[in-house]
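Listing of work-v4.cif, mmCIF, C-alpha atoms and all ligand atoms
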```cif
data_run
#
loop_
_atom_site.label_atom_id
_atom_site.label_comp_id
_atom_site.auth_asym_id
_atom_site.auth_seq_id
_atom_site.Cartn_x
_atom_site.Cartn_y
_atom_site.Cartn_z
CA MET S 1482 -50.33 209.93 1.42
CA ILE S 1483 -48.16 211.81 -1.08
CA PRO S 1484 -49.64 212.67 -4.50
CA VAL S 1485 -47.35 211.75 -7.39
CA LYS S 1486 -47.54 212.31 -11.15
CA GLY S 1487 -46.36 209.52 -13.37
CA TYR S 1488 -46.75 207.64 -16.61
CA ALA S 1489 -48.35 204.20 -16.56
CA ALA S 1490 -49.38 201.38 -18.84
CA GLN S 1491 -52.96 200.48 -17.98
CA SER S 1492 -52.63 197.06 -19.71
CA PRO S 1493 -50.03 195.12 -21.72
CA THR S 1494 -51.49 196.48 -24.95
CA THR S 1495 -51.90 200.17 -24.13
CA ASP S 1496 -49.29 202.89 -24.58
CA LEU S 1497 -47.93 204.65 -21.51
CA ALA S 1498 -50.01 207.70 -20.54
CA PRO S 1499 -50.19 210.18 -17.64
CA TRP S 1500 -51.43 208.60 -14.41
CA ASN S 1501 -51.60 210.17 -10.97
CA PHE S 1502 -51.19 207.99 -7.89
CA GLN S 1503 -50.15 208.18 -4.25
CA ARG S 1504 -47.09 207.06 -2.35
CA ARG S 1505 -46.92 206.25 1.35
CA ASP S 1506 -46.11 209.00 3.82
CA VAL S 1507 -42.46 209.17 4.83
CA GLY S 1508 -41.98 206.69 7.69
CA PRO S 1509 -39.20 206.89 10.31
CA HIS S 1510 -36.72 204.99 8.12
CA ASP S 1511 -37.86 206.37 4.76
CA VAL S 1512 -36.26 208.79 2.36
CA GLN S 1513 -38.39 210.74 -0.12
CA PHE S 1514 -36.60 212.05 -3.18
CA ASP S 1515 -37.86 214.01 -6.15
CA ILE S 1516 -36.89 212.19 -9.31
CA GLN S 1517 -34.94 214.15 -11.90
CA PHE S 1518 -33.95 211.41 -14.35
CA CYS S 1519 -34.95 207.82 -15.00
CA GLY S 1520 -33.26 205.45 -17.45
CA VAL S 1521 -35.26 203.29 -19.86
CA CYS S 1522 -34.27 199.62 -19.46
CA HIS S 1523 -35.32 196.86 -21.85
CA SER S 1524 -36.82 195.18 -18.77
CA ASP S 1525 -39.38 198.01 -18.68
CA LEU S 1526 -40.59 196.96 -22.09
CA HIS S 1527 -40.51 193.20 -21.28
CA GLN S 1528 -42.65 193.80 -18.21
CA ILE S 1529 -45.19 196.14 -19.82
CA LYS S 1530 -45.67 193.50 -22.53
CA ASN S 1531 -46.07 190.66 -20.00
CA ASP S 1532 -43.05 188.93 -21.60
CA TRP S 1533 -42.03 187.20 -18.35
CA PHE S 1534 -45.20 186.82 -16.26
CA PRO S 1535 -48.60 188.53 -15.94
CA GLY S 1536 -47.86 192.02 -14.67
CA ILE S 1537 -49.52 194.23 -12.08
CA PHE S 1538 -51.45 197.02 -13.83
CA PRO S 1539 -51.54 200.00 -13.89
CA MET S 1540 -47.74 199.69 -14.21
CA VAL S 1541 -45.40 202.64 -13.69
CA PRO S 1542 -42.04 201.34 -14.98
CA GLY S 1543 -38.57 202.65 -14.23
CA HIS S 1544 -35.73 201.36 -12.04
CA GLU S 1545 -32.81 203.60 -12.94
CA ILE S 1546 -33.84 206.46 -10.70
CA VAL S 1547 -31.88 209.52 -9.54
CA GLY S 1548 -32.92 212.76 -7.88
CA LYS S 1549 -32.68 214.95 -4.81
CA VAL S 1550 -33.82 214.17 -1.27
CA VAL S 1551 -36.76 216.34 -0.14
CA LYS S 1552 -37.74 214.65 3.11
CA VAL S 1553 -36.23 212.13 5.55
CA GLY S 1554 -37.85 210.14 8.36
CA SER S 1555 -37.00 210.82 12.00
CA ALA S 1556 -34.70 207.78 12.29
CA VAL S 1557 -32.87 208.19 8.97
CA LYS S 1558 -29.10 208.33 9.42
CA LYS S 1559 -27.62 208.01 5.95
CA PHE S 1560 -29.34 210.89 4.08
CA LYS S 1561 -30.33 214.51 4.59
CA VAL S 1562 -32.51 216.90 2.61
CA GLY S 1563 -30.68 218.13 -0.49
CA ASP S 1564 -28.52 215.01 -0.96
CA LEU S 1565 -28.44 213.30 -4.34
CA ALA S 1566 -30.03 209.86 -4.18
CA GLY S 1567 -30.67 206.87 -6.38
CA THR S 1568 -32.72 203.69 -6.41
CA GLY S 1569 -32.32 200.71 -8.70
CA CYS S 1570 -34.39 197.56 -9.15
CA LEU S 1571 -34.96 196.83 -5.45
CA VAL S 1572 -36.87 198.79 -2.79
CA ASP S 1573 -36.88 196.15 -0.03
CA SER S 1574 -36.22 192.50 0.80
CA CYS S 1575 -36.82 190.14 3.72
CA ARG S 1576 -33.46 191.10 5.33
CA HIS S 1577 -33.05 187.75 7.11
CA CYS S 1578 -32.61 184.96 4.54
CA ASP S 1579 -29.09 183.66 3.80
CA ASN S 1580 -28.81 185.74 0.64
CA CYS S 1581 -29.99 188.97 2.29
CA LYS S 1582 -27.51 188.37 5.12
CA ASP S 1583 -24.77 187.99 2.50
CA ASP S 1584 -25.65 191.40 0.97
CA LEU S 1585 -27.17 189.66 -2.04
CA GLU S 1586 -30.71 191.00 -1.66
CA GLN S 1587 -31.36 190.44 -5.36
CA TYR S 1588 -31.48 186.70 -4.61
CA CYS S 1589 -33.76 187.04 -1.54
CA THR S 1590 -35.35 183.62 -1.12
CA ASN S 1591 -38.49 185.11 0.43
CA GLY S 1592 -39.12 187.37 -2.54
CA GLY S 1593 -37.54 190.80 -2.74
CA SER S 1594 -39.62 193.93 -3.38
CA TYR S 1595 -38.80 195.15 -6.85
CA THR S 1596 -39.20 198.82 -7.65
CA TYR S 1597 -42.29 198.26 -9.82
CA ASN S 1598 -44.49 195.40 -11.01
CA SER S 1599 -43.95 193.90 -7.56
CA THR S 1600 -45.16 194.35 -4.00
CA GLU S 1601 -43.86 195.74 -0.74
CA GLN S 1602 -42.80 193.21 1.94
CA ASP S 1603 -46.48 192.85 2.97
CA HIS S 1604 -46.66 190.96 -0.37
CA LYS S 1605 -49.83 192.96 -1.14
CA THR S 1606 -49.14 196.66 -1.74
CA PRO S 1607 -48.06 197.24 -5.35
CA THR S 1608 -44.84 199.15 -6.07
CA TYR S 1609 -44.58 201.90 -8.69
CA GLY S 1610 -41.37 202.89 -10.44
CA GLY S 1611 -39.40 205.89 -11.60
CA TYR S 1612 -41.42 207.16 -14.57
CA SER S 1613 -42.84 209.52 -11.95
CA ASN S 1614 -41.81 212.66 -10.13
CA SER S 1615 -41.21 211.46 -6.55
CA ILE S 1616 -40.50 208.23 -4.65
CA VAL S 1617 -40.41 207.04 -1.02
CA VAL S 1618 -37.92 204.27 -0.22
CA HIS S 1619 -36.48 202.76 2.98
CA GLU S 1620 -33.05 204.34 3.48
CA ASP S 1621 -31.30 200.95 3.26
CA PHE S 1622 -32.40 200.73 -0.39
CA VAL S 1623 -31.36 204.25 -1.37
CA LEU S 1624 -27.90 204.79 -2.88
CA HIS S 1625 -25.56 207.74 -2.57
CA ILE S 1626 -24.86 209.45 -5.89
CA SER S 1627 -21.68 211.44 -6.43
CA GLU S 1628 -21.96 215.17 -7.19
CA LYS S 1629 -18.93 214.71 -9.47
CA LEU S 1630 -20.75 212.85 -12.24
CA ASP S 1631 -23.35 214.02 -14.74
CA LEU S 1632 -26.60 213.15 -12.97
CA ALA S 1633 -28.65 212.12 -16.01
CA ALA S 1634 -25.84 209.86 -17.26
CA THR S 1635 -25.56 208.30 -13.79
CA ALA S 1636 -29.15 207.02 -13.79
CA PRO S 1637 -28.46 203.94 -15.98
CA LEU S 1638 -25.75 202.79 -13.55
CA LEU S 1639 -28.55 201.78 -11.16
CA CYS S 1640 -29.52 198.84 -13.40
CA ALA S 1641 -27.41 198.59 -16.59
CA GLY S 1642 -24.32 199.47 -14.57
CA ILE S 1643 -24.67 197.07 -11.67
CA THR S 1644 -25.99 194.22 -13.85
CA THR S 1645 -22.75 194.18 -15.83
CA TYR S 1646 -20.38 195.17 -12.98
CA SER S 1647 -21.54 192.36 -10.70
CA PRO S 1648 -20.83 189.32 -12.93
CA LEU S 1649 -17.52 190.79 -14.12
CA ARG S 1650 -16.48 191.11 -10.46
CA HIS S 1651 -17.91 187.72 -9.46
CA TRP S 1652 -15.89 185.94 -12.18
CA LYS S 1653 -12.88 188.13 -11.26
CA ILE S 1654 -12.42 189.51 -14.76
CA GLY S 1655 -9.25 191.54 -15.23
CA LYS S 1656 -5.85 191.65 -16.85
CA GLY S 1657 -5.03 188.61 -18.97
CA HIS S 1658 -8.69 187.73 -19.64
CA LYS S 1659 -10.27 187.75 -23.08
CA VAL S 1660 -13.86 188.87 -22.63
CA ALA S 1661 -16.70 189.23 -25.11
CA ILE S 1662 -19.72 191.43 -24.53
CA VAL S 1663 -22.69 190.29 -26.62
CA GLY S 1664 -25.17 193.00 -27.70
CA LEU S 1665 -24.22 196.67 -27.68
CA GLY S 1666 -27.23 198.24 -25.99
CA GLY S 1667 -27.81 199.71 -22.53
CA LEU S 1668 -26.25 196.83 -20.59
CA GLY S 1669 -23.70 195.96 -23.26
CA HIS S 1670 -22.10 199.39 -23.47
CA MET S 1671 -21.67 199.46 -19.67
CA GLY S 1672 -20.19 195.95 -19.82
CA VAL S 1673 -17.60 197.19 -22.31
CA LYS S 1674 -16.67 200.15 -20.10
CA PHE S 1675 -16.26 198.01 -16.97
CA ALA S 1676 -14.44 195.09 -18.62
CA ALA S 1677 -12.00 197.53 -20.23
CA ALA S 1678 -11.54 199.43 -16.96
CA PHE S 1679 -10.78 196.14 -15.16
CA GLY S 1680 -7.97 195.50 -17.67
CA ALA S 1681 -9.49 192.75 -19.82
CA GLU S 1682 -9.07 192.44 -23.59
CA VAL S 1683 -12.59 193.23 -24.77
CA THR S 1684 -14.45 192.16 -27.91
CA VAL S 1685 -17.96 193.35 -28.74
CA MET S 1686 -20.10 190.73 -30.47
CA SER S 1687 -22.89 192.51 -32.30
CA THR S 1688 -25.52 192.02 -34.97
CA SER S 1689 -25.07 195.68 -35.99
CA PRO S 1690 -21.91 196.37 -38.07
CA SER S 1691 -22.69 200.09 -37.78
CA LYS S 1692 -21.78 200.03 -34.06
CA GLU S 1693 -18.10 199.15 -34.58
CA LYS S 1694 -16.75 202.70 -34.27
CA ASP S 1695 -18.76 203.32 -31.09
CA ALA S 1696 -17.63 200.01 -29.59
CA LYS S 1697 -13.98 201.02 -29.96
CA LYS S 1698 -14.71 204.47 -28.51
CA LEU S 1699 -16.34 202.82 -25.51
CA GLY S 1700 -13.15 200.88 -24.87
CA ALA S 1701 -13.47 197.64 -26.87
CA HIS S 1702 -10.33 196.34 -28.53
CA HIS S 1703 -12.08 194.20 -31.15
CA PHE S 1704 -15.47 193.98 -32.86
CA LEU S 1705 -17.08 190.81 -34.21
CA VAL S 1706 -20.18 190.72 -36.40
CA THR S 1707 -22.07 187.59 -35.30
CA LYS S 1708 -24.07 187.45 -38.54
CA ASP S 1709 -20.82 186.63 -40.39
CA PRO S 1710 -20.08 182.88 -40.00
CA GLU S 1711 -16.45 183.39 -41.08
CA GLN S 1712 -15.79 185.78 -38.19
CA VAL S 1713 -17.46 183.39 -35.74
CA LYS S 1714 -15.39 180.46 -37.01
CA ALA S 1715 -12.16 182.43 -36.82
CA ALA S 1716 -12.89 183.23 -33.14
CA ALA S 1717 -13.48 179.57 -32.09
CA ASN S 1718 -12.04 178.64 -28.65
CA SER S 1719 -10.73 182.12 -27.88
CA PHE S 1720 -12.67 183.70 -24.97
CA ASP S 1721 -12.42 183.17 -21.20
CA PHE S 1722 -15.75 184.83 -20.46
CA ILE S 1723 -18.78 185.93 -22.49
CA LEU S 1724 -21.29 188.37 -21.01
CA ASP S 1725 -24.53 187.98 -22.96
CA THR S 1726 -26.87 190.99 -22.76
CA VAL S 1727 -29.18 190.03 -25.63
CA SER S 1728 -32.87 190.80 -25.07
CA ALA S 1729 -34.32 188.51 -27.77
CA GLU S 1730 -34.13 184.87 -28.84
CA HIS S 1731 -30.64 183.85 -30.03
CA ASP S 1732 -28.52 180.72 -30.38
CA VAL S 1733 -26.15 180.58 -27.40
CA ASN S 1734 -24.47 177.45 -28.81
CA MET S 1735 -22.97 179.60 -31.56
CA TYR S 1736 -21.56 182.04 -28.99
CA MET S 1737 -20.29 179.27 -26.71
CA SER S 1738 -18.30 177.77 -29.60
CA MET S 1739 -16.07 180.82 -29.15
CA LEU S 1740 -15.28 180.03 -25.47
CA LYS S 1741 -11.95 178.50 -24.48
CA ARG S 1742 -11.81 175.33 -22.42
CA ASP S 1743 -13.33 176.00 -18.97
CA GLY S 1744 -14.80 179.27 -20.21
CA THR S 1745 -18.09 180.70 -18.95
CA HIS S 1746 -21.02 182.11 -20.88
CA CYS S 1747 -22.98 184.28 -18.48
CA ILE S 1748 -26.40 185.56 -19.49
CA VAL S 1749 -27.82 188.71 -18.02
CA GLY S 1750 -30.26 189.25 -20.90
CA LEU S 1751 -33.72 187.88 -20.26
CA PRO S 1752 -35.45 186.85 -23.49
CA SER S 1753 -38.95 185.52 -22.85
CA THR S 1754 -38.28 182.09 -24.40
CA ALA S 1755 -36.28 179.07 -23.20
CA ILE S 1756 -32.66 178.80 -24.31
CA PRO S 1757 -31.81 175.40 -25.85
CA ILE S 1758 -28.26 174.19 -25.18
CA GLN S 1759 -26.75 171.30 -27.11
CA PRO S 1760 -24.99 168.90 -24.68
CA PHE S 1761 -21.84 168.96 -26.84
CA THR S 1762 -21.70 172.75 -26.36
CA VAL S 1763 -20.89 172.43 -22.67
CA VAL S 1764 -19.38 168.92 -22.54
CA GLY S 1765 -16.75 169.60 -25.22
CA GLY S 1766 -14.35 171.95 -23.43
CA ARG S 1767 -15.90 171.64 -19.94
CA LYS S 1768 -17.72 174.92 -20.43
CA SER S 1769 -20.18 176.63 -18.07
CA PHE S 1770 -23.45 178.33 -18.83
CA ALA S 1771 -24.34 180.77 -16.05
CA GLY S 1772 -26.52 183.77 -15.19
CA SER S 1773 -26.49 186.80 -12.95
CA SER S 1774 -29.09 189.23 -11.64
CA ILE S 1775 -28.45 192.95 -10.95
CA GLY S 1776 -26.46 193.29 -7.68
CA GLY S 1777 -27.03 193.73 -3.96
CA LEU S 1778 -27.17 197.12 -2.30
CA LYS S 1779 -23.60 196.97 -0.98
CA GLU S 1780 -22.15 196.09 -4.37
CA THR S 1781 -24.34 198.71 -6.10
CA GLN S 1782 -22.86 201.40 -3.84
CA GLU S 1783 -19.37 200.00 -4.48
CA MET S 1784 -20.04 200.22 -8.25
CA LEU S 1785 -21.31 203.83 -7.96
CA ASP S 1786 -18.22 204.79 -5.96
CA TYR S 1787 -15.98 203.05 -8.49
CA CYS S 1788 -17.70 205.03 -11.29
CA ALA S 1789 -17.21 208.32 -9.42
CA GLU S 1790 -13.54 207.51 -8.91
CA HIS S 1791 -12.95 206.44 -12.52
CA ASN S 1792 -15.32 208.94 -14.15
CA ILE S 1793 -17.56 206.26 -15.67
CA VAL S 1794 -21.14 207.08 -16.70
CA SER S 1795 -23.54 205.89 -19.36
CA ASP S 1796 -23.74 207.29 -22.91
CA ILE S 1797 -27.27 208.61 -23.05
CA GLU S 1798 -29.93 210.15 -25.24
CA MET S 1799 -32.24 212.32 -23.16
CA ILE S 1800 -35.93 212.05 -24.01
CA ASP S 1801 -39.18 213.80 -23.22
CA ILE S 1802 -41.58 211.39 -21.50
CA ARG S 1803 -44.07 212.06 -24.32
CA ASP S 1804 -41.65 210.25 -26.68
CA ILE S 1805 -41.55 207.08 -24.59
CA THR S 1806 -43.57 204.94 -27.03
CA LYS S 1807 -41.32 205.96 -29.94
CA SER S 1808 -38.26 205.26 -27.79
CA PHE S 1809 -39.49 201.76 -26.88
CA ALA S 1810 -39.93 201.04 -30.62
CA ARG S 1811 -36.36 202.18 -31.30
CA MET S 1812 -35.05 200.07 -28.41
CA GLU S 1813 -36.75 196.98 -29.84
CA LYS S 1814 -34.87 197.53 -33.09
CA GLY S 1815 -31.51 197.81 -31.27
CA ASP S 1816 -31.42 201.52 -32.13
CA VAL S 1817 -30.30 203.05 -28.82
CA ARG S 1818 -26.98 204.87 -28.38
CA TYR S 1819 -26.79 203.67 -25.69
CA ARG S 1820 -29.44 204.40 -23.10
CA PHE S 1821 -32.56 206.55 -23.22
CA VAL S 1822 -32.96 208.64 -20.09
CA ILE S 1823 -36.23 210.41 -19.34
CA ASP S 1824 -36.06 214.03 -18.24
CA ILE S 1825 -38.64 213.74 -15.47
CA ALA S 1826 -39.30 217.52 -15.63
CA THR S 1827 -41.30 216.70 -18.79
CA ILE S 1828 -43.95 214.95 -16.65
CA LYS S 1829 -46.45 217.78 -16.19
P1 LIG X 1901 -31.07 196.95 -25.16
O1 LIG X 1901 -30.52 198.29 -24.84
O2 LIG X 1901 -32.26 196.85 -26.05
O3 LIG X 1901 -29.85 196.08 -25.77
C1 LIG X 1901 -30.00 194.76 -26.22
C2 LIG X 1901 -29.02 194.53 -27.38
O4 LIG X 1901 -29.10 193.15 -27.74
C3 LIG X 1901 -29.37 195.27 -28.66
O5 LIG X 1901 -28.87 196.58 -28.69
C4 LIG X 1901 -28.70 194.40 -29.72
O6 LIG X 1901 -27.31 194.73 -29.81
C5 LIG X 1901 -28.78 193.00 -29.12
N1 LIG X 1901 -29.85 192.20 -29.74
C6 LIG X 1901 -31.18 192.49 -29.82
N2 LIG X 1901 -31.85 191.50 -30.42
C7 LIG X 1901 -30.93 190.56 -30.75
C8 LIG X 1901 -31.00 189.27 -31.37
N3 LIG X 1901 -32.16 188.77 -31.81
N4 LIG X 1901 -29.85 188.57 -31.51
C9 LIG X 1901 -28.67 189.06 -31.09
N5 LIG X 1901 -28.55 190.27 -30.50
C10 LIG X 1901 -29.66 191.00 -30.34
O7 LIG X 1901 -31.47 196.18 -23.83
P2 LIG X 1901 -30.86 196.30 -22.34
O8 LIG X 1901 -31.63 197.32 -21.59
O9 LIG X 1901 -29.40 196.38 -22.44
O10 LIG X 1901 -31.30 194.89 -21.73
C11 LIG X 1901 -30.81 193.69 -22.29
C12 LIG X 1901 -31.49 192.48 -21.64
O11 LIG X 1901 -31.05 192.38 -20.29
C13 LIG X 1901 -33.01 192.56 -21.57
O12 LIG X 1901 -33.55 191.28 -21.81
C14 LIG X 1901 -33.27 192.98 -20.14
O13 LIG X 1901 -34.54 192.60 -19.66
C15 LIG X 1901 -32.17 192.22 -19.42
N6 LIG X 1901 -31.80 192.75 -18.09
C16 LIG X 1901 -31.44 191.84 -17.16
C17 LIG X 1901 -31.00 192.24 -15.93
C18 LIG X 1901 -30.52 191.25 -14.93
O14 LIG X 1901 -30.48 191.56 -13.73
N7 LIG X 1901 -30.10 190.07 -15.34
C19 LIG X 1901 -30.97 193.61 -15.63
C20 LIG X 1901 -31.34 194.52 -16.61
C21 LIG X 1901 -31.74 194.08 -17.85
P3 LIG X 1901 -26.51 194.67 -31.21
O15 LIG X 1901 -27.18 195.72 -32.09
O16 LIG X 1901 -25.14 195.05 -30.80
O17 LIG X 1901 -26.61 193.30 -31.74
ZN ZN X 1902 -33.17 197.23 -15.78
ZN ZN X 1903 -34.17 187.72 1.93
#
```
This entry written out as structure tokens:
Amino acid sequence: MIPVKGYAAQSPTTDLAPWNFQRRDVGPHDVQFDIQFCGVCHSDLHQIKNDWFPGIFPMVPGHEIVGKVVKVGSAVKKFKVGDLAGTGCLVDSCRHCDNCKDDLEQYCTNGGSYTYNSTEQDHKTPTYGGYSNSIVVHEDFVLHISEKLDLAATAPLLCAGITTYSPLRHWKIGKGHKVAIVGLGGLGHMGVKFAAAFGAEVTVMSTSPSKEKDAKKLGAHHFLVTKDPEQVKAAANSFDFILDTVSAEHDVNMYMSMLKRDGTHCIVGLPSTAIPIQPFTVVGGRKSFAGSSIGGLKETQEMLDYCAEHNIVSDIEMIDIRDITKSFARMEKGDVRYRFVIDIATIK
């Protein structure tokens, strides 16, 4: 077994603290890489707090992981020692269900193996994430990271990036579309960059008027403050597609009033409570309410390659792991510009 240093929550009510654990030895198809940077996703906080379901503790969060390969198994073909590597939310899946066969492992009907707060495909062995200094992953679930991009700013692409790229591609967003991105946080700011890069006319819908300047710098054409009923009314029936990245309870009916006929409101945000929809919201205007989860391995690599080609990375604030509790508190207040990334060298 391989000794690893990490930070873990021992229970939903304790702060993250140093925790040493072991990873499996490198098997024939495994890649081991030393982690250099790990992004801080709002999902980390949801899961530590048991917002979605009772978690597996101790919990080492982190699924926006990048670093350098230090060891490869005898049968590994895609990586060699010294390569840059990344892992997102998935470390394995059943490989044979319809969704896995369609390269959509995130929808594995037999239960995918998530990077932490989950189990390996034996459905027993717990997985531990990227707030740690090394990881062992089957090569099929390791992504190639371009040397051209800033490595720390690339980490958030592994979750925030693919989670916004995938629905925008699925709904074929591009030139001629009016798109709104709701919530300018980690996911939201990547959504703005991709929607703008794909040629859409982009509006940021935010509760924070102070983010307007940043939104425009990120590529948005318009900015709408959702707390102002006049602005919401003026935007009625005007969007083809709304990508909703909000992490907390909010009234989607208000947002959907701004969709055009046949428009789609797609949630990627995962608040812990149910989302009530008034029948008139969807019936009037034949509107759709939809959702999307991260992306499969093939599409994640496609997104990373697209980012390398178009020079797209995340806007980050680097943190010392010892500031993780403070950073979670800031994230809960919507005070992230626009993704915290942990410098894993600060894990001693
Ligand atoms: P984040 O950085 O904290 O951003 C969330 C943003 O939502 C905030 O910056 C804020 O933007 C807005 N917001 C917060 N509370 C709000 C409220 N009550 N009403 C309206 N807007 C509010 O979080 P994130 O890391 O981007 O994650 C966002 C959500 O996506 C989380 O629930 C996370 O678990 C989920 N997620 C889902 C997937 C997936 O596969 N579907 C993947 C990753 C994350 P403004 O200040 O602009 O209003
Ligand atoms: Zn995430
Ligand atoms: Zn499957």
Quiz prompt | d(CA of Ala1566 in chain S, CA of Ile1546 in chain S) in Å | solution =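 Separation between CA of Ala1566 in chain S and CA of Ile1546 in chain S: 8.3 Å.
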Practice problem: Would you kindly return, as a ChimeraX atom specification, each protein, DNA or RNA residue with an atom no farther than 12 Å from any atom of Ser1808 in chain S, considering only C-alpha atoms and excluding same-chain residues fewer than 2 positions away? | Solution: /S:1496-1497,1520-1523,1525-1526,1798-1806,1810-1823
Produce as an mmCIF file with C-alpha atoms, in the frame of the given file the set of residues near ligand ZN 1902 (chain X), where near means within 9 Å with all atoms listed in the file considered.
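Done, and the output landed in part17.cif:
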```cif
data_model
loop_
_atom_site.group_PDB
_atom_site.id
_atom_site.type_symbol
_atom_site.label_atom_id
_atom_site.label_comp_id
_atom_site.auth_asym_id
_atom_site.auth_seq_id
_atom_site.Cartn_x
_atom_site.Cartn_y
_atom_site.Cartn_z
ATOM 1 C CA GLY S 1520 -33.260 205.450 -17.450
ATOM 2 C CA VAL S 1521 -35.260 203.290 -19.860
ATOM 3 C CA CYS S 1522 -34.270 199.620 -19.460
ATOM 4 C CA HIS S 1523 -35.320 196.860 -21.850
ATOM 5 C CA SER S 1524 -36.820 195.180 -18.770
ATOM 6 C CA ASP S 1525 -39.380 198.010 -18.680
ATOM 7 C CA GLY S 1543 -38.570 202.650 -14.230
ATOM 8 C CA HIS S 1544 -35.730 201.360 -12.040
ATOM 9 C CA GLU S 1545 -32.810 203.600 -12.940
ATOM 10 C CA GLY S 1569 -32.320 200.710 -8.700
ATOM 11 C CA CYS S 1570 -34.390 197.560 -9.150
ATOM 12 C CA PRO S 1637 -28.460 203.940 -15.980
ATOM 13 C CA LEU S 1639 -28.550 201.780 -11.160
ATOM 14 C CA CYS S 1640 -29.520 198.840 -13.400
ATOM 15 C CA ALA S 1641 -27.410 198.590 -16.590
ATOM 16 C CA THR S 1644 -25.990 194.220 -13.850
ATOM 17 C CA GLY S 1667 -27.810 199.710 -22.530
ATOM 18 C CA LEU S 1668 -26.250 196.830 -20.590
ATOM 19 C CA ILE S 1775 -28.450 192.950 -10.950
#
```
Quiz item: Using all atoms listed in the file, which of the listed residues (S:Ile1793, S:Lys1549, S:Gly1611, S:His1625) sits closest to Gly1700 in chain S?
Solution: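 Residue with the minimum atom-to-atom distance to Gly1700 in chain S: S:Ile1793.
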Quiz item: Taking only C-alpha atoms into account, which of S:Val1673, S:Met1735, S:Leu1699, S:Ile1662 comes nearest Val1713 in chain S?
Solution: S:Met1735
Quiz item: Quick one: residues within 10 Å of ligand ZN 1903 (chain X), with only C-alpha atoms and all ligand atoms, as a count of residues only?
Solution: 22
May I have the centre and edge lengths, in Å to one decimal, of an axis-aligned box around the listed atoms of ligand LIG 1901 (chain X) with 5 Å added to every side, as AutoDock Vina command-line options?
```
--center_x -29.8 --center_y 193.4 --center_z -22.9 --size_x 19.4 --size_y 19.7 --size_z 28.4
```
Practice problem: Would you mind telling me which residue in S:Lys1605, S:Lys1768, S:His1731, S:Lys1741 lies nearest to ligand LIG 1901 (chain X) when using all atoms listed in the file? | Solution: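 Looking only at the distances to ligand LIG 1901 (chain X), the closest residue turns out to be S:His1731.
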Quiz item: Could you state the separation of CA of Ser1687 in chain S and atom C21 of ligand LIG 1901 (chain X) in Å, given to one decimal place?
Solution: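 These two atoms are separated by 17.0 Å.
Computed from the coordinates, the atom C14 of ligand LIG 1901 (chain X) to CA of Gln1782 in chain S distance equals 21.1 Å.
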Exercise. Would you kindly return, as a PyMOL selection string, each protein, DNA or RNA residue with an atom no farther than 8 Å from any atom of Gln1517 in chain S, considering all atoms listed in the file and excluding same-chain residues fewer than 4 positions away?
Key: chain S and resi 1546-1549+1614+1633+1824-1826
Practice problem: With a distance cut-off of 6 Å and only C-alpha atoms, select the neighbouring residues of Tyr1612 in chain S, excluding the residue or stretch itself and same-chain residues fewer than 5 positions from it, and output the selection as a list in words. | Solution: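 Surrounding residues, per the criterion: Gly1487, Tyr1488, Pro1542 and Gly1543 of chain S.
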Practice problem: Tell me which protein, DNA and RNA residues are within 8 Å of Ile1756 in chain S, counting only C-alpha atoms, leaving out same-chain ones fewer than 4 positions away, and put them as a PyMOL selection string. | Solution: chain S and resi 1730-1733
Practice problem: Could you tell me which of S:Pro1690, S:Gly1777, S:Gly1680, S:Gly1642 comes closest to His1702 in chain S if we count only C-alpha atoms? | Solution: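 The answer is S:Gly1680, which sits nearest to His1702 in chain S.
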Exercise. Kindly indicate which residue among S:Ala1716, S:Leu1649, S:Met1686, S:Ala1771 lies nearest to ligand LIG 1901 (chain X), using all atoms listed in the file for the distances.
Key: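 The closest residue to ligand LIG 1901 (chain X) is S:Met1686.
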Practice problem: May I ask which of the residues S:Gly1765, S:Pro1760, S:Pro1648, S:Gly1669 is the closest one to ligand LIG 1901 (chain X), counting all atoms listed in the file? | Solution: S:Gly1669
Practice problem: For the point (-43.3, 202.3, -11.2) in the file's frame, write as a ChimeraX atom specification all residues with an atom no more than 12 Å away, counting all atoms listed in the file. | Solution: /S:1485-1491,1497,1500-1504,1516,1519,1521,1525,1528-1529,1536-1546,1568-1572,1595-1600,1607-1617
Since the input lacks some atoms of range 1735-1739 of chain S, please model N, CA, C and O atoms and print them as a PDB file, keeping the file's coordinate frame.
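Saved to out.pdb:
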```
ATOM      1  N   MET S1735     -23.886 178.927 -30.635  1.00  0.00           N
ATOM      2  CA  MET S1735     -22.970 179.600 -31.560  1.00  0.00           C
ATOM      3  C   MET S1735     -21.957 180.456 -30.782  1.00  0.00           C
ATOM      4  O   MET S1735     -20.755 180.415 -31.043  1.00  0.00           O
ATOM      5  N   TYR S1736     -22.465 181.191 -29.790  1.00  0.00           N
ATOM      6  CA  TYR S1736     -21.560 182.040 -28.990  1.00  0.00           C
ATOM      7  C   TYR S1736     -20.598 181.181 -28.172  1.00  0.00           C
ATOM      8  O   TYR S1736     -19.404 181.468 -28.059  1.00  0.00           O
ATOM      9  N   MET S1737     -21.133 180.090 -27.591  1.00  0.00           N
ATOM     10  CA  MET S1737     -20.290 179.270 -26.710  1.00  0.00           C
ATOM     11  C   MET S1737     -19.200 178.520 -27.474  1.00  0.00           C
ATOM     12  O   MET S1737     -18.203 178.098 -26.878  1.00  0.00           O
ATOM     13  N   SER S1738     -19.375 178.401 -28.799  1.00  0.00           N
ATOM     14  CA  SER S1738     -18.300 177.770 -29.600  1.00  0.00           C
ATOM     15  C   SER S1738     -17.041 178.643 -29.553  1.00  0.00           C
ATOM     16  O   SER S1738     -15.941 178.178 -29.843  1.00  0.00           O
ATOM     17  N   MET S1739     -17.222 179.901 -29.174  1.00  0.00           N
ATOM     18  CA  MET S1739     -16.070 180.820 -29.150  1.00  0.00           C
ATOM     19  C   MET S1739     -15.394 180.861 -27.774  1.00  0.00           C
ATOM     20  O   MET S1739     -14.421 181.596 -27.575  1.00  0.00           O
TER      21      MET S1739
END
```
